[in-house]
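One file, protein_24.cif, carrying mmCIF, C-alpha atoms and all ligand atoms:
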data_work
loop_
_atom_site.label_atom_id
_atom_site.label_comp_id
_atom_site.auth_asym_id
_atom_site.auth_seq_id
_atom_site.Cartn_x
_atom_site.Cartn_y
_atom_site.Cartn_z
CA MET A 1 0.00 0.00 0.00
CA ASP A 2 1.14 3.57 -0.79
CA ASN A 3 -0.04 5.85 2.02
CA TYR A 4 -0.92 9.48 1.37
CA ASP A 5 -2.47 12.30 3.33
CA TYR A 6 -4.67 13.11 0.33
CA ILE A 7 -5.56 11.67 -3.06
CA VAL A 8 -6.97 14.13 -5.59
CA VAL A 9 -9.14 12.73 -8.40
CA GLY A 10 -9.15 14.83 -11.61
CA GLY A 11 -6.41 16.83 -13.28
CA GLY A 12 -8.15 20.01 -14.48
CA LEU A 13 -7.80 23.43 -12.87
CA ALA A 14 -9.53 22.29 -9.67
CA GLY A 15 -7.45 19.12 -9.22
CA CYS A 16 -4.13 20.75 -10.16
CA CYS A 17 -4.64 23.81 -7.93
CA LEU A 18 -5.73 21.65 -5.00
CA ALA A 19 -2.74 19.32 -5.44
CA TRP A 20 -0.38 22.33 -5.43
CA GLU A 21 -1.98 23.93 -2.38
CA LEU A 22 -1.75 20.65 -0.44
CA HIS A 23 1.85 20.27 -1.57
CA PHE A 24 2.65 23.85 -0.47
CA GLN A 25 1.21 22.92 2.95
CA ASN A 26 3.64 19.96 3.14
CA LYS A 27 0.94 17.33 2.70
CA ASN A 28 1.73 14.05 1.00
CA VAL A 29 -0.60 14.20 -2.01
CA ALA A 30 -1.12 12.04 -5.10
CA VAL A 31 -3.26 12.80 -8.16
CA ILE A 32 -5.25 10.29 -10.19
CA ALA A 33 -6.50 11.81 -13.44
CA ASP A 34 -7.71 10.43 -16.72
CA ALA A 35 -6.40 11.89 -19.97
CA GLU A 36 -9.83 12.84 -21.30
CA ASN A 37 -10.64 16.19 -22.80
CA ASN A 38 -11.87 18.59 -20.15
CA SER A 39 -13.08 22.13 -19.62
CA THR A 40 -9.63 23.28 -18.54
CA LEU A 41 -7.87 22.41 -21.78
CA VAL A 42 -10.50 24.22 -23.86
CA ALA A 43 -10.49 27.36 -21.69
CA ALA A 44 -8.91 30.52 -23.05
CA GLY A 45 -7.56 30.95 -19.52
CA LEU A 46 -8.58 34.59 -19.01
CA PHE A 47 -8.58 36.21 -15.59
CA ASN A 48 -10.44 39.48 -15.42
CA PRO A 49 -11.36 41.35 -12.22
CA ILE A 50 -14.18 43.38 -13.88
CA THR A 51 -16.77 41.31 -15.69
CA GLY A 52 -20.37 40.97 -16.82
CA LYS A 53 -22.73 43.20 -18.77
CA MET A 54 -22.78 45.71 -15.91
CA LEU A 55 -19.00 45.65 -15.61
CA SER A 56 -18.97 44.82 -11.93
CA LYS A 57 -16.07 43.81 -9.74
CA THR A 58 -15.70 40.02 -9.40
CA TRP A 59 -16.73 38.52 -6.04
CA GLN A 60 -13.84 38.91 -3.54
CA ALA A 61 -11.75 40.47 -6.35
CA GLU A 62 -9.02 41.86 -4.05
CA LYS A 63 -8.39 38.50 -2.33
CA LEU A 64 -8.82 36.40 -5.48
CA PHE A 65 -6.43 38.42 -7.58
CA ALA A 66 -3.77 38.77 -4.90
CA THR A 67 -3.91 34.99 -4.39
CA LEU A 68 -3.80 34.00 -8.05
CA HIS A 69 -0.77 36.13 -8.96
CA GLU A 70 1.31 34.70 -6.12
CA PHE A 71 0.03 31.15 -6.64
CA TYR A 72 0.66 30.74 -10.38
CA ARG A 73 4.01 32.58 -10.22
CA LYS A 74 5.18 30.19 -7.47
CA ILE A 75 4.24 27.18 -9.64
CA GLU A 76 6.10 28.69 -12.60
CA GLU A 77 9.19 28.96 -10.40
CA GLN A 78 8.89 25.40 -9.06
CA THR A 79 8.33 23.83 -12.48
CA GLY A 80 10.53 26.13 -14.58
CA SER A 81 7.61 26.69 -16.96
CA ASP A 82 6.05 29.77 -18.40
CA PHE A 83 2.26 29.89 -18.52
CA PHE A 84 1.13 33.01 -16.58
CA ILE A 85 0.74 36.05 -18.81
CA GLU A 86 -0.27 39.44 -17.43
CA LEU A 87 -1.91 41.61 -20.07
CA PRO A 88 -4.49 44.40 -19.72
CA ILE A 89 -7.99 43.79 -21.06
CA TYR A 90 -9.45 46.44 -23.35
CA ARG A 91 -13.23 46.71 -23.44
CA PRO A 92 -14.61 49.14 -26.05
CA PHE A 93 -17.75 51.14 -25.12
CA ILE A 94 -20.76 50.52 -27.33
CA SER A 95 -22.46 53.89 -26.79
CA ILE A 96 -21.94 57.39 -25.49
CA GLU A 97 -24.20 56.50 -22.51
CA GLU A 98 -21.89 53.67 -21.55
CA GLN A 99 -18.92 55.98 -21.86
CA ASN A 100 -20.59 58.53 -19.55
CA ASN A 101 -21.50 55.86 -17.00
CA TRP A 102 -17.94 54.70 -16.96
CA MET A 103 -16.46 58.13 -16.56
CA ALA A 104 -18.52 58.35 -13.34
CA LEU A 105 -17.84 54.78 -12.20
CA SER A 106 -14.10 55.01 -12.74
CA GLU A 107 -13.96 57.52 -9.84
CA ASN A 108 -15.17 54.76 -7.49
CA PRO A 109 -12.26 54.04 -5.09
CA GLY A 110 -13.16 50.30 -5.01
CA LEU A 111 -12.53 50.02 -8.76
CA GLN A 112 -9.42 52.13 -9.08
CA ASN A 113 -7.05 49.24 -8.32
CA PHE A 114 -8.34 47.52 -11.43
CA ILE A 115 -8.68 50.35 -13.96
CA GLU A 116 -5.63 51.48 -15.86
CA LYS A 117 -7.20 53.99 -18.23
CA VAL A 118 -10.47 55.17 -19.75
CA PHE A 119 -10.43 56.29 -23.40
CA ILE A 120 -13.18 58.71 -24.49
CA ARG A 121 -12.00 58.61 -28.12
CA PRO A 122 -10.77 55.71 -30.26
CA SER A 123 -7.78 54.20 -28.47
CA GLY A 124 -5.61 53.64 -31.52
CA PHE A 125 -5.00 49.94 -30.66
CA GLU A 126 -4.34 48.19 -33.98
CA ALA A 127 -7.41 46.70 -35.72
CA VAL A 128 -9.83 47.62 -32.88
CA LEU A 129 -13.23 49.21 -33.65
CA ASP A 130 -13.98 51.58 -30.75
CA PRO A 131 -15.63 54.84 -31.88
CA PHE A 132 -16.66 55.68 -28.27
CA GLY A 133 -13.34 54.70 -26.68
CA GLY A 134 -13.21 52.07 -23.94
CA ILE A 135 -11.76 50.97 -20.65
CA VAL A 136 -8.41 49.31 -19.96
CA VAL A 137 -8.61 46.84 -17.04
CA LYS A 138 -5.41 45.96 -15.18
CA GLN A 139 -4.47 42.98 -12.96
CA ALA A 140 -5.81 40.93 -15.88
CA GLY A 141 -4.30 38.39 -18.27
CA PHE A 142 -4.48 34.70 -19.05
CA ILE A 143 -2.83 31.42 -18.25
CA ARG A 144 -1.92 28.86 -20.89
CA THR A 145 -3.93 26.07 -19.31
CA ASP A 146 -2.33 23.31 -21.40
CA ILE A 147 1.17 24.28 -20.20
CA PHE A 148 -0.02 24.66 -16.60
CA VAL A 149 -1.61 21.19 -16.57
CA GLU A 150 1.36 19.57 -18.32
CA ALA A 151 3.88 21.21 -15.94
CA THR A 152 1.82 20.09 -12.93
CA LYS A 153 1.56 16.55 -14.26
CA GLU A 154 5.32 16.32 -14.94
CA TYR A 155 6.16 17.70 -11.47
CA PHE A 156 4.02 15.18 -9.60
CA LYS A 157 4.89 12.35 -12.00
CA LYS A 158 8.61 12.77 -11.24
CA LYS A 159 7.76 12.23 -7.57
CA GLY A 160 5.72 9.14 -8.49
CA LYS A 161 2.55 10.93 -7.40
CA TRP A 162 0.53 11.27 -10.63
CA LYS A 163 -1.34 8.33 -12.10
CA THR A 164 -3.09 8.58 -15.45
CA GLU A 165 -6.24 6.49 -15.21
CA LYS A 166 -9.99 6.80 -14.84
CA VAL A 167 -10.98 6.09 -11.26
CA ASN A 168 -13.35 3.15 -10.90
CA TYR A 169 -15.79 3.93 -8.09
CA ASN A 170 -16.22 0.20 -7.28
CA ASP A 171 -12.59 -0.01 -6.15
CA PHE A 172 -12.89 2.29 -3.12
CA ILE A 173 -12.84 0.76 0.35
CA PHE A 174 -13.79 2.73 3.46
CA SER A 175 -12.18 1.56 6.72
CA GLU A 176 -14.47 0.54 9.57
CA THR A 177 -13.11 3.32 11.77
CA LYS A 178 -13.99 5.70 8.93
CA GLU A 179 -10.57 7.35 9.29
CA GLN A 180 -9.01 6.01 6.10
CA VAL A 181 -10.12 5.38 2.56
CA ALA A 182 -8.34 3.08 0.13
CA TYR A 183 -8.29 2.97 -3.64
CA ARG A 184 -6.64 -0.10 -5.17
CA HIS A 185 -3.03 -0.03 -3.84
CA SER A 186 -3.23 3.44 -2.29
CA SER A 187 -4.73 4.68 0.93
CA ALA A 188 -5.30 8.20 2.24
CA GLU A 189 -6.87 10.13 5.07
CA LYS A 190 -9.07 11.79 2.51
CA ILE A 191 -9.87 11.62 -1.19
CA ILE A 192 -11.04 14.84 -2.85
CA PHE A 193 -12.96 14.58 -6.12
CA CYS A 194 -12.28 17.37 -8.65
CA GLU A 195 -14.07 15.84 -11.59
CA GLY A 196 -15.78 18.79 -13.29
CA VAL A 197 -19.10 17.79 -14.87
CA SER A 198 -18.23 14.08 -14.52
CA SER A 199 -19.12 14.41 -10.83
CA LEU A 200 -22.73 13.90 -11.93
CA GLN A 201 -21.75 10.23 -12.42
CA ASN A 202 -20.00 9.96 -9.05
CA PRO A 203 -22.09 7.68 -6.77
CA TRP A 204 -21.32 9.78 -3.64
CA PHE A 205 -21.66 13.24 -5.18
CA SER A 206 -24.22 12.98 -8.00
CA TRP A 207 -26.67 15.02 -5.84
CA VAL A 208 -24.37 18.07 -5.87
CA PRO A 209 -25.93 20.61 -8.26
CA VAL A 210 -23.07 20.92 -10.76
CA ARG A 211 -24.71 22.38 -13.87
CA PRO A 212 -23.13 21.78 -17.27
CA LEU A 213 -22.63 24.89 -19.42
CA LYS A 214 -21.32 24.19 -22.89
CA GLY A 215 -18.90 26.65 -24.50
CA GLU A 216 -17.22 26.93 -27.88
CA THR A 217 -14.19 28.89 -29.07
CA LEU A 218 -12.46 29.55 -32.40
CA THR A 219 -8.76 29.64 -33.16
CA VAL A 220 -8.21 32.32 -35.80
CA GLU A 221 -5.47 34.02 -37.74
CA THR A 222 -5.76 37.79 -37.93
CA THR A 223 -4.10 41.13 -37.24
CA LEU A 224 -4.64 42.63 -33.78
CA SER A 225 -2.72 44.66 -31.23
CA LYS A 226 -0.73 42.40 -28.87
CA GLU A 227 -0.64 45.10 -26.17
CA ILE A 228 -4.11 44.15 -24.93
CA ILE A 229 -6.70 41.37 -24.75
CA LEU A 230 -9.68 42.71 -26.70
CA ASN A 231 -12.93 41.81 -24.93
CA ARG A 232 -16.45 42.98 -25.69
CA GLY A 233 -19.05 40.23 -26.07
CA VAL A 234 -16.17 38.09 -27.31
CA TYR A 235 -12.51 38.03 -26.31
CA ALA A 236 -9.36 37.42 -28.34
CA VAL A 237 -6.49 35.79 -26.45
CA PRO A 238 -3.09 35.65 -28.20
CA GLN A 239 -1.79 32.12 -28.82
CA MET A 240 1.79 30.85 -29.15
CA ALA A 241 1.88 31.21 -32.93
CA THR A 242 2.21 34.75 -34.28
CA ASP A 243 -1.08 36.33 -35.38
CA THR A 244 -3.12 33.44 -33.96
CA PHE A 245 -5.82 34.14 -31.37
CA LYS A 246 -8.45 32.20 -29.46
CA ILE A 247 -11.86 33.88 -29.80
CA GLY A 248 -14.56 32.95 -27.32
CA ALA A 249 -16.80 31.99 -25.92
CA THR A 250 -20.41 30.89 -26.25
CA TYR A 251 -22.68 30.01 -23.30
CA ASP A 252 -25.11 27.22 -24.11
CA HIS A 253 -27.24 25.94 -21.21
CA GLN A 254 -29.49 23.84 -23.46
CA MET A 255 -26.63 21.57 -24.61
CA GLU A 256 -28.62 20.31 -27.58
CA ASN A 257 -25.47 19.15 -29.39
CA GLN A 258 -22.21 17.66 -28.29
CA GLY A 259 -19.27 18.88 -30.37
CA ILE A 260 -18.71 22.03 -32.38
CA THR A 261 -21.59 23.81 -34.16
CA GLU A 262 -22.01 26.20 -37.08
CA LYS A 263 -24.37 28.27 -34.91
CA ALA A 264 -21.64 28.98 -32.33
CA LYS A 265 -19.10 29.83 -35.04
CA ASN A 266 -21.47 32.36 -36.63
CA GLU A 267 -22.38 33.88 -33.26
CA LEU A 268 -18.72 34.40 -32.35
CA LEU A 269 -17.78 35.84 -35.76
CA GLN A 270 -20.74 38.21 -35.74
CA LYS A 271 -19.75 39.63 -32.35
CA TRP A 272 -16.11 39.73 -33.42
CA GLU A 273 -16.87 41.87 -36.49
CA MET A 274 -18.45 44.51 -34.24
CA ILE A 275 -15.16 45.24 -32.45
CA HIS A 276 -12.49 44.30 -34.99
CA ASN A 277 -11.85 45.58 -38.51
CA LYS A 278 -9.31 43.27 -40.20
CA PRO A 279 -9.82 40.01 -42.17
CA THR A 280 -10.06 36.92 -39.93
CA LYS A 281 -9.40 33.33 -41.00
CA VAL A 282 -10.85 30.54 -38.84
CA LEU A 283 -8.26 27.78 -38.31
CA SER A 284 -10.16 25.50 -35.93
CA GLN A 285 -13.03 25.30 -33.45
CA GLN A 286 -13.12 23.85 -29.92
CA TRP A 287 -15.80 22.97 -27.38
CA GLY A 288 -16.00 22.03 -23.73
CA ILE A 289 -18.38 21.87 -20.78
CA ARG A 290 -17.96 24.18 -17.78
CA PRO A 291 -18.99 22.87 -14.36
CA THR A 292 -21.14 25.70 -12.96
CA SER A 293 -23.16 26.03 -9.74
CA PRO A 294 -26.60 27.59 -9.10
CA ASP A 295 -25.13 30.60 -7.23
CA ARG A 296 -22.01 30.86 -9.44
CA LYS A 297 -19.71 30.09 -6.52
CA PRO A 298 -17.33 27.15 -6.18
CA ILE A 299 -18.52 24.16 -4.16
CA LEU A 300 -16.10 22.63 -1.66
CA GLY A 301 -16.11 20.50 1.44
CA LEU A 302 -16.68 17.02 2.80
CA HIS A 303 -19.49 14.53 2.18
CA PRO A 304 -22.31 14.81 4.77
CA GLU A 305 -21.83 11.17 5.90
CA PHE A 306 -18.48 9.89 4.59
CA LYS A 307 -15.98 12.32 6.08
CA THR A 308 -13.04 10.72 4.25
CA ILE A 309 -14.25 12.00 0.88
CA GLY A 310 -14.73 15.55 -0.35
CA ILE A 311 -15.25 17.66 -3.42
CA LEU A 312 -13.94 20.79 -5.16
CA ASN A 313 -16.12 21.78 -8.10
CA GLY A 314 -18.42 24.46 -9.54
CA LEU A 315 -15.65 26.70 -10.88
CA GLY A 316 -17.96 27.78 -13.69
CA THR A 317 -16.80 30.44 -16.13
CA LYS A 318 -13.97 31.73 -13.91
CA GLY A 319 -11.92 28.66 -13.05
CA VAL A 320 -8.57 30.40 -13.49
CA SER A 321 -9.26 33.11 -10.90
CA LEU A 322 -11.38 31.00 -8.53
CA ALA A 323 -9.37 27.75 -8.34
CA PRO A 324 -6.30 28.99 -6.36
CA PHE A 325 -8.52 30.79 -3.81
CA ALA A 326 -11.02 27.93 -3.51
CA ALA A 327 -8.15 25.44 -3.05
CA LYS A 328 -6.73 27.62 -0.26
CA VAL A 329 -10.10 27.88 1.52
CA LEU A 330 -10.61 24.10 1.32
CA VAL A 331 -7.11 23.27 2.58
CA GLU A 332 -7.44 25.72 5.50
CA PHE A 333 -10.65 23.92 6.46
CA LEU A 334 -9.01 20.48 6.09
CA ASN A 335 -6.17 21.73 8.30
CA GLY A 336 -8.70 22.47 11.04
CA LYS A 337 -9.20 26.23 10.68
CA GLN A 338 -12.45 27.41 12.24
CA PRO A 339 -14.95 27.87 9.36
CA ASP A 340 -15.34 31.61 8.61
CA GLN A 341 -17.83 33.51 6.44
CA THR A 342 -15.91 32.79 3.20
CA TYR A 343 -15.83 29.06 3.92
CA GLN A 344 -19.56 29.08 4.72
CA THR A 345 -20.30 30.83 1.40
CA LEU A 346 -18.44 28.16 -0.58
CA SER A 347 -19.14 25.15 1.58
CA LEU A 348 -20.88 22.04 0.31
CA ASN A 349 -23.02 22.40 3.48
CA ARG A 350 -25.26 24.78 1.55
CA TYR A 351 -26.47 21.82 -0.52
CA TYR A 352 -26.58 19.12 2.19
CA SER A 353 -30.40 19.18 2.14
CA LEU A 354 -30.26 17.83 -1.45
CA TYR A 355 -28.28 14.85 -0.19
CA TRP A 356 -30.75 14.04 2.60
CA LYS A 357 -33.63 14.33 0.13
CA SER A 358 -31.87 11.92 -2.27
CA VAL A 359 -31.20 9.43 0.57
CA ASN A 360 -34.79 9.55 1.81
CA LYS A 361 -36.13 8.97 -1.72
CA ALA A 362 -33.91 5.92 -2.26
C1 LIG B 401 -15.10 27.27 -24.06
C2 LIG B 401 -14.65 27.54 -22.66
C3 LIG B 401 -13.90 28.68 -22.39
C4 LIG B 401 -13.51 28.95 -21.08
N1 LIG B 401 -12.74 30.07 -20.85
C5 LIG B 401 -12.35 30.35 -19.59
C6 LIG B 401 -11.53 31.48 -19.34
O1 LIG B 401 -11.14 32.22 -20.24
N2 LIG B 401 -11.19 31.74 -18.04
C7 LIG B 401 -11.59 30.95 -17.00
O2 LIG B 401 -11.26 31.23 -15.86
N3 LIG B 401 -12.35 29.83 -17.22
C8 LIG B 401 -12.73 29.54 -18.48
N4 LIG B 401 -13.48 28.42 -18.72
C9 LIG B 401 -13.96 27.65 -17.55
C10 LIG B 401 -12.89 26.71 -17.02
O3 LIG B 401 -12.48 25.90 -18.06
C11 LIG B 401 -13.45 25.88 -15.84
O4 LIG B 401 -13.88 26.73 -14.81
C12 LIG B 401 -12.40 24.96 -15.24
O5 LIG B 401 -11.54 24.47 -16.22
C13 LIG B 401 -13.05 23.79 -14.52
O6 LIG B 401 -12.01 22.98 -14.01
P1 LIG B 401 -12.31 21.59 -13.30
O7 LIG B 401 -10.99 21.04 -12.90
O8 LIG B 401 -13.35 21.76 -12.27
O9 LIG B 401 -12.99 20.69 -14.44
P2 LIG B 401 -12.31 20.00 -15.74
O10 LIG B 401 -11.40 20.95 -16.40
O11 LIG B 401 -13.42 19.45 -16.53
O12 LIG B 401 -11.43 18.86 -15.12
C14 LIG B 401 -11.94 17.69 -14.52
C15 LIG B 401 -11.01 16.57 -14.87
O13 LIG B 401 -11.30 15.41 -14.08
C16 LIG B 401 -11.24 14.28 -14.90
N5 LIG B 401 -12.04 13.21 -14.29
C17 LIG B 401 -13.39 13.19 -14.12
N6 LIG B 401 -13.77 12.04 -13.53
C18 LIG B 401 -12.64 11.31 -13.35
C19 LIG B 401 -12.41 10.01 -12.82
N7 LIG B 401 -13.40 9.24 -12.35
N8 LIG B 401 -11.12 9.55 -12.79
C20 LIG B 401 -10.10 10.31 -13.24
N9 LIG B 401 -10.28 11.57 -13.77
C21 LIG B 401 -11.54 12.05 -13.82
C22 LIG B 401 -11.84 14.78 -16.21
O14 LIG B 401 -11.53 13.94 -17.31
C23 LIG B 401 -11.15 16.11 -16.33
O15 LIG B 401 -9.89 15.97 -16.91
C24 LIG B 401 -13.86 28.08 -20.02
C25 LIG B 401 -14.56 26.92 -20.31
C26 LIG B 401 -14.95 26.63 -21.60
C27 LIG B 401 -15.70 25.36 -21.89
#

Could I get this structure in the form of C-alpha cells?
Amino acid sequence: MDNYDYIVVGGGLAGCCLAWELHFQNKNVAVIADAENNSTLVAAGLFNPITGKMLSKTWQAEKLFATLHEFYRKIEEQTGSDFFIELPIYRPFISIEEQNNWMALSENPGLQNFIEKVFIRPSGFEAVLDPFGGIVVKQAGFIRTDIFVEATKEYFKKKGKWKTEKVNYNDFIFSETKEQVAYRHSSAEKIIFCEGVSSLQNPWFSWVPVRPLKGETLTVETTLSKEIILNRGVYAVPQMATDTFKIGATYDHQMENQGITEKAKNELLQKWEMIHNKPTKVLSQQWGIRPTSPDRKPILGLHPEFKTIGILNGLGTKGVSLAPFAAKVLVEFLNGKQPDQTYQTLSLNRYYSLYWKSVNKA
C-alpha cells in the first residue's frame, strides 16, 4: 500500500490547484487523473477582475487576484515553466451612454485598483473598432492552461505521485473506523474529487448541483494589437503562434449538441466583427463543458456522511481566478481552521439538504 495524506481525483484546474496547495502545505498528495478532454484544456484561460454586462467587480476580487498572482508565479518557479501572462484587457464602449456611466464609475475608489485607463475617443490599438473609446482593465491576463496542466503533471509524475487512469468507483474501500479510505493499492486520510461535470456520475456526489454549461471557441489568424486582450461580447487571447488568437466563448445551457456547431461559429464571428476591422481566417473550433453552480460560486467540502471524501467543483466560467482561492479555503478547512464567512459561502453544506432528500427517496 502507498499511504498518502490526500488523493486528488481529476487533473483540471480544480485538481491541479488543489494538489499544489496541499503540496505547499507539506501534505503528502497524489493525483489520479484520466487523460480525457476537459473544460480546462479548452479554456482561453482569461482572468479578469471586472466582468459581466454591468462591468462589476468580481466577487472577492481583491483577495482572489492577490492569491492568483502569487500562486501561479510560485508554480512557474517550481516547475521552470512559463504559462502566466499578465496583459491588460481592453473593453470598447458601445455607446456614449456607456462611456458617460464609466467616466462616473471610474472615480469609485473600489474600482481604481483595477482600472488602468479610460479612453473617451478611439484608443488607436491596432485593428480595434472603438468609436466611443473604452476601458483598460489591469491585474488581468491569461494562463496557458495546457502548459499549466502539463507542468503540474510532470512535477508530480517525477515524484511518483501522478497516475493517469480513470478512477473506478467500485474499487474504493472505506475503513471501519472511517478514518481512512483506500483505492486499489493506495490509501489516504481523505480523497477529494475534482471531476468537473463528470461528478454527476459519481455515486457519492451525483446530488451536488453541478450544472453543465457548454462553450465553444475559435482559433483564428488575424491582425490585432498584442498590447491588450480585446474583450467585448467576445474576447481574443493571443496564442503561441504569431497572429493566432483564441476567440470565445459561447454560453449554451441547453446543450442540444455535443461537439462544435455552425451556430456557435457564426455567433462568435458576428460579435467579433463589431469590435475588430481586419480580415479573420478561422483555423479550428473547440468545445467544452464548464462545471457551474446555481449561485455561481465554487462548491467545496466534505461529504455529509463519509468524512473521508470531499469535493472541489463548480468553478464555472472563472476557473482560473477561482481555483487557487477555492483550493486555499478548502485546505485551510481540512487543516482544522475554524470555518469563517468565506468558507460558509463556498461550503458544500449549503447543498446538504439535497443529499438528505436523495437518501430519503432511495
Ligand atoms: C469554451 C470555454 C472557455 C472557457 N474560458 C475560460 C476562461 O477564459 N477563463 C476561465 O477562468 N475559465 C474559463 N473556462 C472555464 C474553465 O475551463 C473551468 O472553470 C475549469 O476548467 C473547470 O475545471 P475543473 O478542474 O473543475 O474541471 P475539468 O477541467 O473538466 O477537469 C476535470 C477533470 O477530471 C477528470 N475526471 C473526471 N472524472 C474522473 C475520474 N473518475 N477519474 C479520473 N479523472 C476524472 C476529467 O476527465 C477532467 O480531466 C472556459 C470553459 C470553456 C468550456

Counting only C-alpha atoms, what are the residues of region 234-319 of chain A within 12 Å of region 112-125 of chain A, and for each of them which pair of atoms is the nearest and at what distance in Å, to one decimal? Sort the table by chain and rising number, as a Markdown table.
| residue | atom | partner | partner_atom | distance |
| --- | --- | --- | --- | --- |
| A:Ile275 | CA | A:Phe125 | CA | 11.3 |
| A:His276 | CA | A:Phe125 | CA | 10.3 |
| A:Asn277 | CA | A:Phe125 | CA | 11.3 |

Query raised in the report: Using all atoms listed in the file, which protein or nucleic acid residues are at most 7 Å from ligand LIG 401 (chain B), as number ranges by chain?
Result: A: 9-15, 32-47, 165-168, 194-199, 214-217, 248-250, 287-291, 313-321

Expected file contents, prior selection, C-alpha atoms, as a CSV table (one decimal), keeping the file's coordinate frame:
chain,number,residue,atom,x,y,z
A,9,VAL,CA,-9.1,12.7,-8.4
A,10,GLY,CA,-9.2,14.8,-11.6
A,11,GLY,CA,-6.4,16.8,-13.3
A,12,GLY,CA,-8.2,20.0,-14.5
A,13,LEU,CA,-7.8,23.4,-12.9
A,14,ALA,CA,-9.5,22.3,-9.7
A,15,GLY,CA,-7.4,19.1,-9.2
A,32,ILE,CA,-5.2,10.3,-10.2
A,33,ALA,CA,-6.5,11.8,-13.4
A,34,ASP,CA,-7.7,10.4,-16.7
A,35,ALA,CA,-6.4,11.9,-20.0
A,36,GLU,CA,-9.8,12.8,-21.3
A,37,ASN,CA,-10.6,16.2,-22.8
A,38,ASN,CA,-11.9,18.6,-20.2
A,39,SER,CA,-13.1,22.1,-19.6
A,40,THR,CA,-9.6,23.3,-18.5
A,41,LEU,CA,-7.9,22.4,-21.8
A,42,VAL,CA,-10.5,24.2,-23.9
A,43,ALA,CA,-10.5,27.4,-21.7
A,44,ALA,CA,-8.9,30.5,-23.0
A,45,GLY,CA,-7.6,31.0,-19.5
A,46,LEU,CA,-8.6,34.6,-19.0
A,47,PHE,CA,-8.6,36.2,-15.6
A,165,GLU,CA,-6.2,6.5,-15.2
A,166,LYS,CA,-10.0,6.8,-14.8
A,167,VAL,CA,-11.0,6.1,-11.3
A,168,ASN,CA,-13.4,3.2,-10.9
A,194,CYS,CA,-12.3,17.4,-8.6
A,195,GLU,CA,-14.1,15.8,-11.6
A,196,GLY,CA,-15.8,18.8,-13.3
A,197,VAL,CA,-19.1,17.8,-14.9
A,198,SER,CA,-18.2,14.1,-14.5
A,199,SER,CA,-19.1,14.4,-10.8
A,214,LYS,CA,-21.3,24.2,-22.9
A,215,GLY,CA,-18.9,26.6,-24.5
A,216,GLU,CA,-17.2,26.9,-27.9
A,217,THR,CA,-14.2,28.9,-29.1
A,248,GLY,CA,-14.6,33.0,-27.3
A,249,ALA,CA,-16.8,32.0,-25.9
A,250,THR,CA,-20.4,30.9,-26.2
A,287,TRP,CA,-15.8,23.0,-27.4
A,288,GLY,CA,-16.0,22.0,-23.7
A,289,ILE,CA,-18.4,21.9,-20.8
A,290,ARG,CA,-18.0,24.2,-17.8
A,291,PRO,CA,-19.0,22.9,-14.4
A,313,ASN,CA,-16.1,21.8,-8.1
A,314,GLY,CA,-18.4,24.5,-9.5
A,315,LEU,CA,-15.6,26.7,-10.9
A,316,GLY,CA,-18.0,27.8,-13.7
A,317,THR,CA,-16.8,30.4,-16.1
A,318,LYS,CA,-14.0,31.7,-13.9
A,319,GLY,CA,-11.9,28.7,-13.0
A,320,VAL,CA,-8.6,30.4,-13.5
A,321,SER,CA,-9.3,33.1,-10.9

Report summary line: Using only C-alpha atoms, the residue out of A:Ser347, A:Asn335, A:Ser81, A:Asn231 with shortest distance to Arg144 (chain A) is A:Ser81

Query raised in the report: Contacts of Phe306 (chain A) at 12 Å or less, counting only C-alpha atoms, minus same-chain residues fewer than 3 places along, as a PyMOL selection string?
Result: chain A and resi 173-181+189-192+204-205+301-303+309-311+355

Query raised in the report: So what do you get for CA of Leu22 (chain A) versus CA of Glu77 (chain A), distance-wise?
Result: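 Answer for the CA of Leu22 (chain A) to CA of Glu77 (chain A) separation: 17.0 Å.
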
Requested in this report: Go through A:Val8, A:Trp20, A:Glu273, A:Tyr155 and flag the residue nearest Ala323 (chain A), using all atoms listed in the file for the distances.
Outcome: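 Among the listed residues, the smallest separation from Ala323 (chain A) belongs to A:Trp20.
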
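Pairwise distance (CA of Thr51 (chain A), CA of Cys17 (chain A)) equals 22.7 Å.
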
Report task. Kindly give the distance, in Å, that separates CA of Glu21 (chain A) and CA of Phe193 (chain A), rounded to a single decimal. Result ->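 Interatomic distance here is 14.9 Å.
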
Compute the distance from (-2.0, 6.9, -6.1) to each atom, counting all atoms listed in the file, keep the residues with any atom at most 9 Å away, and return them as a PDB file with C-alpha atoms, in the coordinates of the input; use the coordinates of the file.
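Result file follows (out.pdb):
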ATOM      1  CA  ASP A   2       1.140   3.570  -0.790  1.00  0.00           C
ATOM      2  CA  ASN A   3      -0.040   5.850   2.020  1.00  0.00           C
ATOM      3  CA  TYR A   4      -0.920   9.480   1.370  1.00  0.00           C
ATOM      4  CA  ILE A   7      -5.560  11.670  -3.060  1.00  0.00           C
ATOM      5  CA  VAL A   8      -6.970  14.130  -5.590  1.00  0.00           C
ATOM      6  CA  VAL A  29      -0.600  14.200  -2.010  1.00  0.00           C
ATOM      7  CA  ALA A  30      -1.120  12.040  -5.100  1.00  0.00           C
ATOM      8  CA  VAL A  31      -3.260  12.800  -8.160  1.00  0.00           C
ATOM      9  CA  ILE A  32      -5.250  10.290 -10.190  1.00  0.00           C
ATOM     10  CA  GLY A 160       5.720   9.140  -8.490  1.00  0.00           C
ATOM     11  CA  LYS A 161       2.550  10.930  -7.400  1.00  0.00           C
ATOM     12  CA  TRP A 162       0.530  11.270 -10.630  1.00  0.00           C
ATOM     13  CA  LYS A 163      -1.340   8.330 -12.100  1.00  0.00           C
ATOM     14  CA  TYR A 183      -8.290   2.970  -3.640  1.00  0.00           C
ATOM     15  CA  ARG A 184      -6.640  -0.100  -5.170  1.00  0.00           C
ATOM     16  CA  HIS A 185      -3.030  -0.030  -3.840  1.00  0.00           C
ATOM     17  CA  SER A 186      -3.230   3.440  -2.290  1.00  0.00           C
ATOM     18  CA  SER A 187      -4.730   4.680   0.930  1.00  0.00           C
TER      19      SER A 187
END

**Report entry** Nearest to Leu312 (chain A) by atom-to-atom distance, counting all atoms listed in the file, from A:Pro109, A:Pro92, A:Pro324, A:Gly336
**Finding:**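 Going through A:Pro109, A:Pro92, A:Pro324, A:Gly336 one by one, the smallest distance to Leu312 (chain A) is for A:Pro324.
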
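Minimum atom-to-atom distances from A:Ser56, A:Gln258, A:Ser353, A:Thr79 to Ser106 (chain A) were compared using all atoms listed in the file, and the lowest value belongs to A:Ser56.
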